[in-house]
Amino acid sequence: MALHRSDIPGIRRWTPARYRALLRKQGPSSVQFRTRLAILIGAVSIGLAASAFAQAADMAGEIFGHLAKRWHWAPLVVTPLLFAALVWITRRFVPLARGSGIPQVMAAQADPEGATHGLVSIRTVVGKAGLTLAAVLGGASVGREGPTVQIAAAIMGLTHRILGVPLRGAVLIAGGAAGVAAAFNTPLAGLLFAIEELASAYEQKVTLLVIAAIAIAGMIAQSVQGDYVYFGLIGAHMPIVTALVVAPLAGVVGGLAGGGFARLMLVMATGTNRVTRWSKERPILFAALCGGVVAGLGVGTGLTWGTGYGAARAMIVGVDAPLWFGPAKFVATLATAVAGLPGGIFAPSLAVGAGVGNLLRAVFPGSPASAIVILGMVGYFAGVVRAPLTAVIILSETTASRGLMLPMFATAFIADGVSQLVCREKLYHGLSRTFAARRAEAVA
């Protein structure tokens, strides 16, 4: 007698009813299928949007550079007025677009569905993108990476709404991480940033979701922008004996400077002293004053405008730079960040870090210049963001300096510890509380 599959224990017969049940659970109309489709479409859209935003920001920076050369003194008037106008527009029309964008995504995890109507709504991120580009056009010391994170999270929220599937906080994490990956062309850094910063309580089941979104967004961005390394193929390295001296010093200096920046940012955002009260009572005038500081530094130095990418790359490849660049860029970035206009601090922080490394070059004149500058960037960035793994991977991926990994890890972890002594609370976590408080007030 022939043996049928249905006669074997553990093997069930496929009946029409079972097929219908399977289609309901995993077919095109199922929630599971639509969720996967929403993530796929969202990741592709993030890659395209990040590429378009990057090209627009670069173009805006080039336009400002040409204008600043042609009318050298004009920014002294134009930049303060633009700062004031951008803050007024932000407060009047898109108040949730101010600042970096990363704190908004962190705050949005508490209520993902509600956030699509506020913190990561399309209205908010459209305003965010336009106002950030306007800030770059005015010479503000802002980056596009933080805004890209908020834009990416909004795109994920939109695809889920269109396909009618529930939106979880994990999806916002995946979107934000994909935004980092697409902005820097650094997929590993996007993954680590999701774990270290965006997710306060990271779930293991989110891992595949994040990796899939990062991989897809990264491939799309790379196909549009080409296979490039953000700062170029530097390939820096350093002898171990030198690294034993330079890495700890870079960690201490970077941690002190980065922690100081974070503390000043949080004091201005959440403090109740006389200066912070005055700035909150007169936000437009305060923004104009901040714009005056940025304009004065930019006109006086010619180097502190915008993201600082050009200056940072020049220092990485060994070009001599004035020792005052790091402190001057620090002040310009702080003045821009506390003014209240939309824009990120990732790229400007890397430029300040390059300035820190440039200062260390003067202490170690016989050591590899590129390696010292990169360690300065790692130390300062880790000090500001307090995400040491992300700092190391971003710099290793954006400079192709994997031979410097061990000194970078040492620098990053030392900087993280030193920064914690200066500023106990993480910068983005502290800033996210201001948006959480605003949401609570709106609900009440």
# chains A, B, ... in the order shown; residues from 1 in each chain; ligands from 1
call {"tool": "residues_around", "arguments": {"residues": "range 92-101 of chain A", "least_positions_apart": "4", "cutoff": "7 Å", "atoms": "only C-alpha atoms", "output": "list in words"}}
result
Trp88, Val105, Leu119, Thr124, Val125, Gly127, Lys128, Gly146, Pro147, Val149, Gln150, Ala337, Gly340, Leu341, Pro342, Gly343, Gly344 and Ile345 of chain A
call {"tool": "residues_around", "arguments": {"residues": "range 60-69 of chain A", "least_positions_apart": "2", "cutoff": "12 Å", "atoms": "only C-alpha atoms", "output": "PyMOL selection string"}}
result
chain A and resi 53-58+71-79+130-144+295+298-310
call {"tool": "write_last_selection", "arguments": {"atoms": "N, CA and C atoms", "output": "short mmCIF file (atom, residue, chain, number, x, y, z; two decimals), in the first residue's frame"}}
result
data_model
loop_
_atom_site.label_atom_id
_atom_site.label_comp_id
_atom_site.auth_asym_id
_atom_site.auth_seq_id
_atom_site.Cartn_x
_atom_site.Cartn_y
_atom_site.Cartn_z
N PHE A 53 18.31 65.65 -0.55
CA PHE A 53 18.56 66.66 0.49
C PHE A 53 20.06 66.97 0.58
N ALA A 54 20.90 65.94 0.47
CA ALA A 54 22.34 66.14 0.52
C ALA A 54 22.82 67.01 -0.64
N GLN A 55 22.33 66.72 -1.83
CA GLN A 55 22.73 67.51 -2.99
C GLN A 55 22.24 68.94 -2.89
N ALA A 56 21.02 69.13 -2.39
CA ALA A 56 20.49 70.48 -2.22
C ALA A 56 21.30 71.27 -1.18
N ALA A 57 21.67 70.60 -0.08
CA ALA A 57 22.46 71.27 0.96
C ALA A 57 23.84 71.66 0.44
N ASP A 58 24.47 70.75 -0.31
CA ASP A 58 25.78 71.06 -0.88
C ASP A 58 25.69 72.24 -1.84
N TRP A 71 30.46 89.51 -1.99
CA TRP A 71 30.07 90.61 -1.08
C TRP A 71 30.54 90.24 0.33
N HIS A 72 31.81 90.54 0.59
CA HIS A 72 32.46 90.05 1.81
C HIS A 72 31.77 90.49 3.07
N TRP A 73 31.31 91.72 3.13
CA TRP A 73 30.76 92.27 4.37
C TRP A 73 29.25 92.08 4.50
N ALA A 74 28.59 91.67 3.42
CA ALA A 74 27.13 91.54 3.44
C ALA A 74 26.60 90.62 4.53
N PRO A 75 27.27 89.47 4.83
CA PRO A 75 26.74 88.59 5.87
C PRO A 75 26.59 89.25 7.24
N LEU A 76 27.34 90.30 7.51
CA LEU A 76 27.20 90.98 8.79
C LEU A 76 25.79 91.52 8.99
N VAL A 77 25.11 91.80 7.90
CA VAL A 77 23.72 92.27 7.97
C VAL A 77 22.75 91.14 7.64
N VAL A 78 23.06 90.41 6.58
CA VAL A 78 22.13 89.40 6.09
C VAL A 78 21.96 88.23 7.07
N THR A 79 23.06 87.71 7.60
CA THR A 79 22.99 86.53 8.45
C THR A 79 22.18 86.76 9.72
N GLY A 130 13.24 72.75 4.23
CA GLY A 130 13.34 74.07 3.61
C GLY A 130 14.08 75.07 4.47
N LEU A 131 13.80 75.07 5.77
CA LEU A 131 14.43 76.03 6.68
C LEU A 131 15.91 75.69 6.91
N THR A 132 16.24 74.40 6.92
CA THR A 132 17.65 74.01 7.04
C THR A 132 18.44 74.47 5.82
N LEU A 133 17.88 74.30 4.64
CA LEU A 133 18.55 74.76 3.44
C LEU A 133 18.70 76.28 3.46
N ALA A 134 17.68 76.99 3.96
CA ALA A 134 17.78 78.44 4.07
C ALA A 134 18.88 78.83 5.05
N ALA A 135 19.01 78.07 6.15
CA ALA A 135 20.08 78.35 7.11
C ALA A 135 21.45 78.17 6.48
N VAL A 136 21.61 77.11 5.67
CA VAL A 136 22.88 76.89 4.97
C VAL A 136 23.15 78.03 4.00
N LEU A 137 22.11 78.49 3.33
CA LEU A 137 22.25 79.63 2.41
C LEU A 137 22.69 80.90 3.13
N GLY A 138 22.40 80.98 4.42
CA GLY A 138 22.79 82.15 5.19
C GLY A 138 24.10 81.99 5.93
N GLY A 139 24.79 80.86 5.73
CA GLY A 139 26.09 80.67 6.36
C GLY A 139 26.05 80.10 7.76
N ALA A 140 24.88 79.64 8.22
CA ALA A 140 24.78 79.07 9.57
C ALA A 140 25.64 77.82 9.69
N SER A 141 26.15 77.58 10.88
CA SER A 141 26.99 76.41 11.13
C SER A 141 26.10 75.22 11.46
N VAL A 142 25.46 74.69 10.44
CA VAL A 142 24.51 73.59 10.61
C VAL A 142 24.88 72.44 9.69
N GLY A 143 24.41 71.25 10.04
CA GLY A 143 24.57 70.07 9.21
C GLY A 143 23.21 69.56 8.77
N ARG A 144 23.22 68.66 7.81
CA ARG A 144 21.98 68.09 7.27
C ARG A 144 21.67 66.72 7.84
N ALA A 295 28.08 85.57 11.97
CA ALA A 295 28.54 86.42 10.86
C ALA A 295 29.90 87.04 11.17
N GLY A 298 32.49 84.38 10.79
CA GLY A 298 32.64 83.98 9.39
C GLY A 298 33.37 85.03 8.57
N VAL A 299 32.99 86.28 8.73
CA VAL A 299 33.64 87.37 7.98
C VAL A 299 35.08 87.54 8.44
N GLY A 300 35.30 87.41 9.74
CA GLY A 300 36.65 87.61 10.27
C GLY A 300 37.62 86.51 9.92
N THR A 301 37.13 85.27 9.82
CA THR A 301 38.02 84.13 9.58
C THR A 301 37.91 83.57 8.17
N GLY A 302 36.71 83.63 7.61
CA GLY A 302 36.48 83.05 6.29
C GLY A 302 36.41 81.54 6.29
N LEU A 303 36.46 80.90 7.47
CA LEU A 303 36.52 79.44 7.53
C LEU A 303 35.39 78.79 8.32
N THR A 304 34.65 79.55 9.09
CA THR A 304 33.69 78.93 10.01
C THR A 304 32.28 78.84 9.45
N TRP A 305 32.08 79.24 8.21
CA TRP A 305 30.75 79.16 7.62
C TRP A 305 30.31 77.71 7.42
N GLY A 306 29.02 77.47 7.46
CA GLY A 306 28.42 76.21 7.04
C GLY A 306 28.86 75.00 7.85
N THR A 307 28.90 73.86 7.18
CA THR A 307 29.20 72.60 7.85
C THR A 307 30.66 72.50 8.29
N GLY A 308 31.54 73.19 7.58
CA GLY A 308 32.97 73.08 7.88
C GLY A 308 33.60 71.86 7.22
N TYR A 309 32.88 71.24 6.28
CA TYR A 309 33.38 70.03 5.63
C TYR A 309 34.71 70.27 4.93
N GLY A 310 34.80 71.37 4.17
CA GLY A 310 36.01 71.65 3.42
C GLY A 310 37.22 71.82 4.32
#
call {"tool": "closest_residue", "arguments": {"among": "A:Ser367, A:Ser396, A:Ser30, A:Thr272", "to": "Ile240 in chain A", "atoms": "only C-alpha atoms"}}
result
A:Ser367
call {"tool": "closest_residue", "arguments": {"among": "A:Ala382, A:Val126, A:Ala183, A:Ala312", "to": "Gly254 in chain A", "atoms": "only C-alpha atoms"}}
result
A:Ala382
call {"tool": "closest_residue", "arguments": {"among": "A:Arg424, A:Lys329, A:Arg386, A:Arg123", "to": "Gly251 in chain A", "atoms": "only C-alpha atoms"}}
result
A:Arg386
call {"tool": "closest_residue", "arguments": {"among": "A:Pro327, A:Pro239, A:Pro283, A:Gly255", "to": "Pro388 in chain A", "atoms": "only C-alpha atoms"}}
result
A:Gly255
call {"tool": "residues_around", "arguments": {"residues": "Leu40 in chain A", "least_positions_apart": "2", "cutoff": "10 Å", "atoms": "only C-alpha atoms", "output": "PyMOL selection string"}}
result
chain A and resi 34-38+42-46+156+159+212-213+216-217
call {"tool": "write_last_selection", "arguments": {"atoms": "C-alpha atoms", "output": "CSV table (one decimal), in the first residue's frame"}}
result
chain,number,residue,atom,x,y,z
A,34,ARG,CA,1.6,45.4,4.2
A,35,THR,CA,4.0,46.1,7.1
A,36,ARG,CA,6.9,44.6,5.2
A,37,LEU,CA,5.9,46.5,2.1
A,38,ALA,CA,5.7,49.8,4.0
A,42,GLY,CA,10.0,53.7,3.2
A,43,ALA,CA,13.6,52.6,3.0
A,44,VAL,CA,13.8,53.2,-0.8
A,45,SER,CA,12.1,56.6,-0.3
A,46,ILE,CA,14.6,57.5,2.5
A,156,MET,CA,8.5,55.7,7.5
A,159,THR,CA,4.3,54.8,4.3
A,212,ALA,CA,17.0,45.8,6.4
A,213,ALA,CA,16.0,49.5,6.3
A,216,ILE,CA,18.0,49.3,1.4
A,217,ALA,CA,18.3,53.1,2.1
call {"tool": "atom_distance", "arguments": {"atom1": "CA of Glu196 in chain A", "atom2": "CA of Asp416 in chain A"}}
result
12.4 Å
call {"tool": "select_by_dssp", "arguments": {"residues": "range 32-156 of chain A", "states": "helix (DSSP H, G or I)", "output": "PyMOL selection string"}}
result
chain A and resi 32-70+75-93+95-97+102-108+112-115+122-137+145-156
call {"tool": "residues_around", "arguments": {"residues": "Val363 in chain A", "least_positions_apart": "6", "cutoff": "12 Å", "atoms": "only C-alpha atoms", "output": "ChimeraX atom specification"}}
result
/A:245-246,249-250,323,356-357,369,372-373
call {"tool": "write_last_selection", "arguments": {"atoms": "all heavy atoms", "output": "short mmCIF file (atom, residue, chain, number, x, y, z; two decimals), in the first residue's frame"}}
result
data_model
loop_
_atom_site.label_atom_id
_atom_site.label_comp_id
_atom_site.auth_asym_id
_atom_site.auth_seq_id
_atom_site.Cartn_x
_atom_site.Cartn_y
_atom_site.Cartn_z
N VAL A 245 50.14 57.47 23.67
CA VAL A 245 50.23 58.82 24.23
C VAL A 245 49.14 59.72 23.67
O VAL A 245 48.46 60.44 24.40
CB VAL A 245 51.62 59.44 23.96
CG1 VAL A 245 51.69 60.86 24.52
CG2 VAL A 245 52.72 58.57 24.54
N VAL A 246 48.95 59.65 22.34
CA VAL A 246 48.03 60.57 21.67
C VAL A 246 46.57 60.24 21.98
O VAL A 246 45.76 61.14 22.26
CB VAL A 246 48.26 60.55 20.14
CG1 VAL A 246 47.24 61.46 19.44
CG2 VAL A 246 49.67 60.99 19.81
N LEU A 249 45.23 61.54 25.36
CA LEU A 249 45.15 63.00 25.37
C LEU A 249 44.00 63.50 24.50
O LEU A 249 43.25 64.41 24.88
CB LEU A 249 46.47 63.60 24.89
CG LEU A 249 46.56 65.13 24.91
CD1 LEU A 249 46.33 65.67 26.32
CD2 LEU A 249 47.91 65.60 24.36
N ALA A 250 43.84 62.88 23.32
CA ALA A 250 42.73 63.26 22.44
C ALA A 250 41.40 62.97 23.11
O ALA A 250 40.44 63.74 22.97
CB ALA A 250 42.83 62.50 21.11
N LEU A 323 45.47 77.59 14.31
CA LEU A 323 45.13 76.92 15.56
C LEU A 323 43.80 77.41 16.12
O LEU A 323 43.17 76.70 16.92
CB LEU A 323 46.24 77.14 16.59
CG LEU A 323 47.60 76.51 16.24
CD1 LEU A 323 48.62 76.83 17.33
CD2 LEU A 323 47.47 75.00 16.06
N VAL A 356 40.16 70.41 16.92
CA VAL A 356 40.79 69.87 18.14
C VAL A 356 42.02 69.05 17.75
O VAL A 356 43.09 69.16 18.36
CB VAL A 356 39.79 69.02 18.93
CG1 VAL A 356 40.49 68.27 20.07
CG2 VAL A 356 38.66 69.88 19.48
N GLY A 357 41.87 68.21 16.74
CA GLY A 357 43.01 67.43 16.26
C GLY A 357 44.13 68.31 15.73
O GLY A 357 45.32 67.99 15.91
N ALA A 369 49.96 63.41 10.74
CA ALA A 369 48.97 64.49 10.89
C ALA A 369 47.54 63.98 10.73
O ALA A 369 46.65 64.32 11.51
CB ALA A 369 49.26 65.60 9.89
N ILE A 372 46.25 62.04 13.80
CA ILE A 372 45.99 62.88 14.97
C ILE A 372 44.70 63.68 14.79
O ILE A 372 43.89 63.80 15.72
CB ILE A 372 47.18 63.82 15.23
CG1 ILE A 372 48.39 63.02 15.70
CG2 ILE A 372 46.83 64.88 16.26
CD1 ILE A 372 49.62 63.84 15.98
N VAL A 373 44.48 64.21 13.60
CA VAL A 373 43.25 64.97 13.34
C VAL A 373 42.03 64.06 13.49
O VAL A 373 41.01 64.44 14.09
CB VAL A 373 43.29 65.61 11.94
CG1 VAL A 373 41.92 66.18 11.57
CG2 VAL A 373 44.35 66.70 11.88
#
call {"tool": "residues_around", "arguments": {"residues": "Phe330 in chain A", "least_positions_apart": "4", "cutoff": "12 Å", "atoms": "only C-alpha atoms", "output": "VMD selection string"}}
result
chain A and resid 141 to 142 254 257 to 258 260 to 262 264 to 265 293 to 294 297 303 to 305 307 to 308 324 to 326 334 to 337 345 347 to 356 380 to 381 384
call {"tool": "write_last_selection", "arguments": {"atoms": "N, CA and C atoms", "output": "JSON list (two decimals), in the first residue's frame"}}
result
[["chain", "number", "residue", "atom", "x", "y", "z"],
["A", 141, "SER", "N", 26.15, 77.58, 10.88],
["A", 141, "SER", "CA", 26.99, 76.41, 11.13],
["A", 141, "SER", "C", 26.10, 75.22, 11.46],
["A", 142, "VAL", "N", 25.46, 74.69, 10.44],
["A", 142, "VAL", "CA", 24.51, 73.59, 10.61],
["A", 142, "VAL", "C", 24.88, 72.44, 9.69],
["A", 254, "GLY", "N", 39.06, 66.05, 23.84],
["A", 254, "GLY", "CA", 37.79, 65.96, 23.13],
["A", 254, "GLY", "C", 36.61, 65.81, 24.06],
["A", 257, "ALA", "N", 35.95, 69.28, 25.76],
["A", 257, "ALA", "CA", 35.35, 70.23, 24.83],
["A", 257, "ALA", "C", 33.94, 69.80, 24.42],
["A", 258, "GLY", "N", 33.78, 68.50, 24.08],
["A", 258, "GLY", "CA", 32.46, 68.01, 23.67],
["A", 258, "GLY", "C", 31.46, 68.05, 24.81],
["A", 260, "GLY", "N", 31.59, 70.09, 27.30],
["A", 260, "GLY", "CA", 31.27, 71.51, 27.52],
["A", 260, "GLY", "C", 30.23, 72.02, 26.55],
["A", 261, "PHE", "N", 30.36, 71.60, 25.28],
["A", 261, "PHE", "CA", 29.36, 72.00, 24.28],
["A", 261, "PHE", "C", 27.98, 71.46, 24.66],
["A", 262, "ALA", "N", 27.91, 70.18, 25.02],
["A", 262, "ALA", "CA", 26.63, 69.57, 25.38],
["A", 262, "ALA", "C", 26.02, 70.26, 26.59],
["A", 264, "LEU", "N", 26.49, 73.36, 27.69],
["A", 264, "LEU", "CA", 26.01, 74.69, 27.32],
["A", 264, "LEU", "C", 24.71, 74.61, 26.53],
["A", 265, "MET", "N", 24.62, 73.64, 25.64],
["A", 265, "MET", "CA", 23.39, 73.44, 24.88],
["A", 265, "MET", "C", 22.21, 73.14, 25.79],
["A", 293, "VAL", "N", 26.96, 86.83, 15.90],
["A", 293, "VAL", "CA", 28.18, 86.12, 16.32],
["A", 293, "VAL", "C", 28.70, 85.25, 15.17],
["A", 294, "VAL", "N", 27.80, 84.49, 14.55],
["A", 294, "VAL", "CA", 28.18, 83.62, 13.44],
["A", 294, "VAL", "C", 28.74, 84.45, 12.28],
["A", 297, "LEU", "N", 32.28, 85.92, 13.13],
["A", 297, "LEU", "CA", 33.32, 84.90, 13.02],
["A", 297, "LEU", "C", 33.57, 84.51, 11.57],
["A", 303, "LEU", "N", 36.46, 80.90, 7.47],
["A", 303, "LEU", "CA", 36.52, 79.44, 7.53],
["A", 303, "LEU", "C", 35.39, 78.79, 8.32],
["A", 304, "THR", "N", 34.65, 79.55, 9.09],
["A", 304, "THR", "CA", 33.69, 78.93, 10.01],
["A", 304, "THR", "C", 32.28, 78.84, 9.45],
["A", 305, "TRP", "N", 32.08, 79.24, 8.21],
["A", 305, "TRP", "CA", 30.75, 79.16, 7.62],
["A", 305, "TRP", "C", 30.31, 77.71, 7.42],
["A", 307, "THR", "N", 28.90, 73.86, 7.18],
["A", 307, "THR", "CA", 29.20, 72.60, 7.85],
["A", 307, "THR", "C", 30.66, 72.50, 8.29],
["A", 308, "GLY", "N", 31.54, 73.19, 7.58],
["A", 308, "GLY", "CA", 32.97, 73.08, 7.88],
["A", 308, "GLY", "C", 33.60, 71.86, 7.22],
["A", 324, "TRP", "N", 43.37, 78.60, 15.72],
["A", 324, "TRP", "CA", 42.13, 79.14, 16.28],
["A", 324, "TRP", "C", 40.88, 78.57, 15.59],
["A", 325, "PHE", "N", 41.06, 77.75, 14.55],
["A", 325, "PHE", "CA", 39.88, 77.26, 13.83],
["A", 325, "PHE", "C", 38.93, 76.49, 14.74],
["A", 326, "GLY", "N", 39.48, 75.55, 15.53],
["A", 326, "GLY", "CA", 38.64, 74.73, 16.39],
["A", 326, "GLY", "C", 37.80, 75.55, 17.36],
["A", 334, "LEU", "N", 27.90, 76.56, 18.36],
["A", 334, "LEU", "CA", 27.09, 76.76, 19.56],
["A", 334, "LEU", "C", 26.09, 77.89, 19.35],
["A", 335, "ALA", "N", 26.54, 79.01, 18.77],
["A", 335, "ALA", "CA", 25.65, 80.14, 18.53],
["A", 335, "ALA", "C", 24.52, 79.75, 17.58],
["A", 336, "THR", "N", 24.83, 78.95, 16.59],
["A", 336, "THR", "CA", 23.79, 78.50, 15.65],
["A", 336, "THR", "C", 22.82, 77.55, 16.35],
["A", 337, "ALA", "N", 23.36, 76.63, 17.14],
["A", 337, "ALA", "CA", 22.52, 75.60, 17.75],
["A", 337, "ALA", "C", 21.56, 76.17, 18.78],
["A", 345, "ILE", "N", 23.90, 69.20, 14.08],
["A", 345, "ILE", "CA", 25.23, 69.51, 14.59],
["A", 345, "ILE", "C", 26.24, 68.42, 14.27],
["A", 347, "ALA", "N", 27.80, 67.32, 11.28],
["A", 347, "ALA", "CA", 28.91, 67.75, 10.43],
["A", 347, "ALA", "C", 29.71, 68.88, 11.08],
["A", 348, "PRO", "N", 29.07, 69.92, 11.64],
["A", 348, "PRO", "CA", 29.87, 70.95, 12.32],
["A", 348, "PRO", "C", 30.68, 70.40, 13.48],
["A", 349, "SER", "N", 30.15, 69.40, 14.19],
["A", 349, "SER", "CA", 30.91, 68.80, 15.29],
["A", 349, "SER", "C", 32.14, 68.07, 14.78],
["A", 350, "LEU", "N", 32.02, 67.42, 13.64],
["A", 350, "LEU", "CA", 33.19, 66.78, 13.05],
["A", 350, "LEU", "C", 34.24, 67.83, 12.66],
["A", 351, "ALA", "N", 33.76, 69.00, 12.20],
["A", 351, "ALA", "CA", 34.70, 70.07, 11.85],
["A", 351, "ALA", "C", 35.39, 70.63, 13.09],
["A", 352, "VAL", "N", 34.63, 70.82, 14.17],
["A", 352, "VAL", "CA", 35.24, 71.26, 15.43],
["A", 352, "VAL", "C", 36.25, 70.22, 15.91],
["A", 353, "GLY", "N", 35.89, 68.95, 15.79],
["A", 353, "GLY", "CA", 36.80, 67.89, 16.18],
["A", 353, "GLY", "C", 38.09, 67.90, 15.38],
["A", 354, "ALA", "N", 37.98, 68.23, 14.08],
["A", 354, "ALA", "CA", 39.18, 68.37, 13.27],
["A", 354, "ALA", "C", 40.05, 69.51, 13.79],
["A", 355, "GLY", "N", 39.38, 70.57, 14.25],
["A", 355, "GLY", "CA", 40.12, 71.68, 14.85],
["A", 355, "GLY", "C", 40.82, 71.26, 16.13],
["A", 356, "VAL", "N", 40.16, 70.41, 16.92],
["A", 356, "VAL", "CA", 40.79, 69.87, 18.14],
["A", 356, "VAL", "C", 42.02, 69.05, 17.75],
["A", 380, "TYR", "N", 36.16, 64.51, 20.13],
["A", 380, "TYR", "CA", 35.17, 65.58, 20.30],
["A", 380, "TYR", "C", 33.75, 65.10, 19.99],
["A", 381, "PHE", "N", 33.60, 64.34, 18.88],
["A", 381, "PHE", "CA", 32.27, 63.86, 18.52],
["A", 381, "PHE", "C", 31.71, 62.96, 19.60],
["A", 384, "VAL", "N", 30.52, 65.06, 22.51],
["A", 384, "VAL", "CA", 29.26, 65.77, 22.29],
["A", 384, "VAL", "C", 28.08, 64.82, 22.35]]
call {"tool": "closest_residue", "arguments": {"among": "A:Ser432, A:Ser370, A:Gln104, A:Asn358", "to": "Val120 in chain A", "atoms": "only C-alpha atoms"}}
result
A:Gln104
call {"tool": "atom_distance", "arguments": {"atom1": "CA of Arg313 in chain A", "atom2": "CA of Leu192 in chain A"}}
result
23.7 Å
call {"tool": "atom_distance", "arguments": {"atom1": "CA of Arg277 in chain A", "atom2": "CA of Ala129 in chain A"}}
result
28.6 Å
call {"tool": "closest_residue", "arguments": {"among": "A:Val224, A:Met405, A:Ala332, A:Val418", "to": "Ala50 in chain A", "atoms": "only C-alpha atoms"}}
result
A:Val224
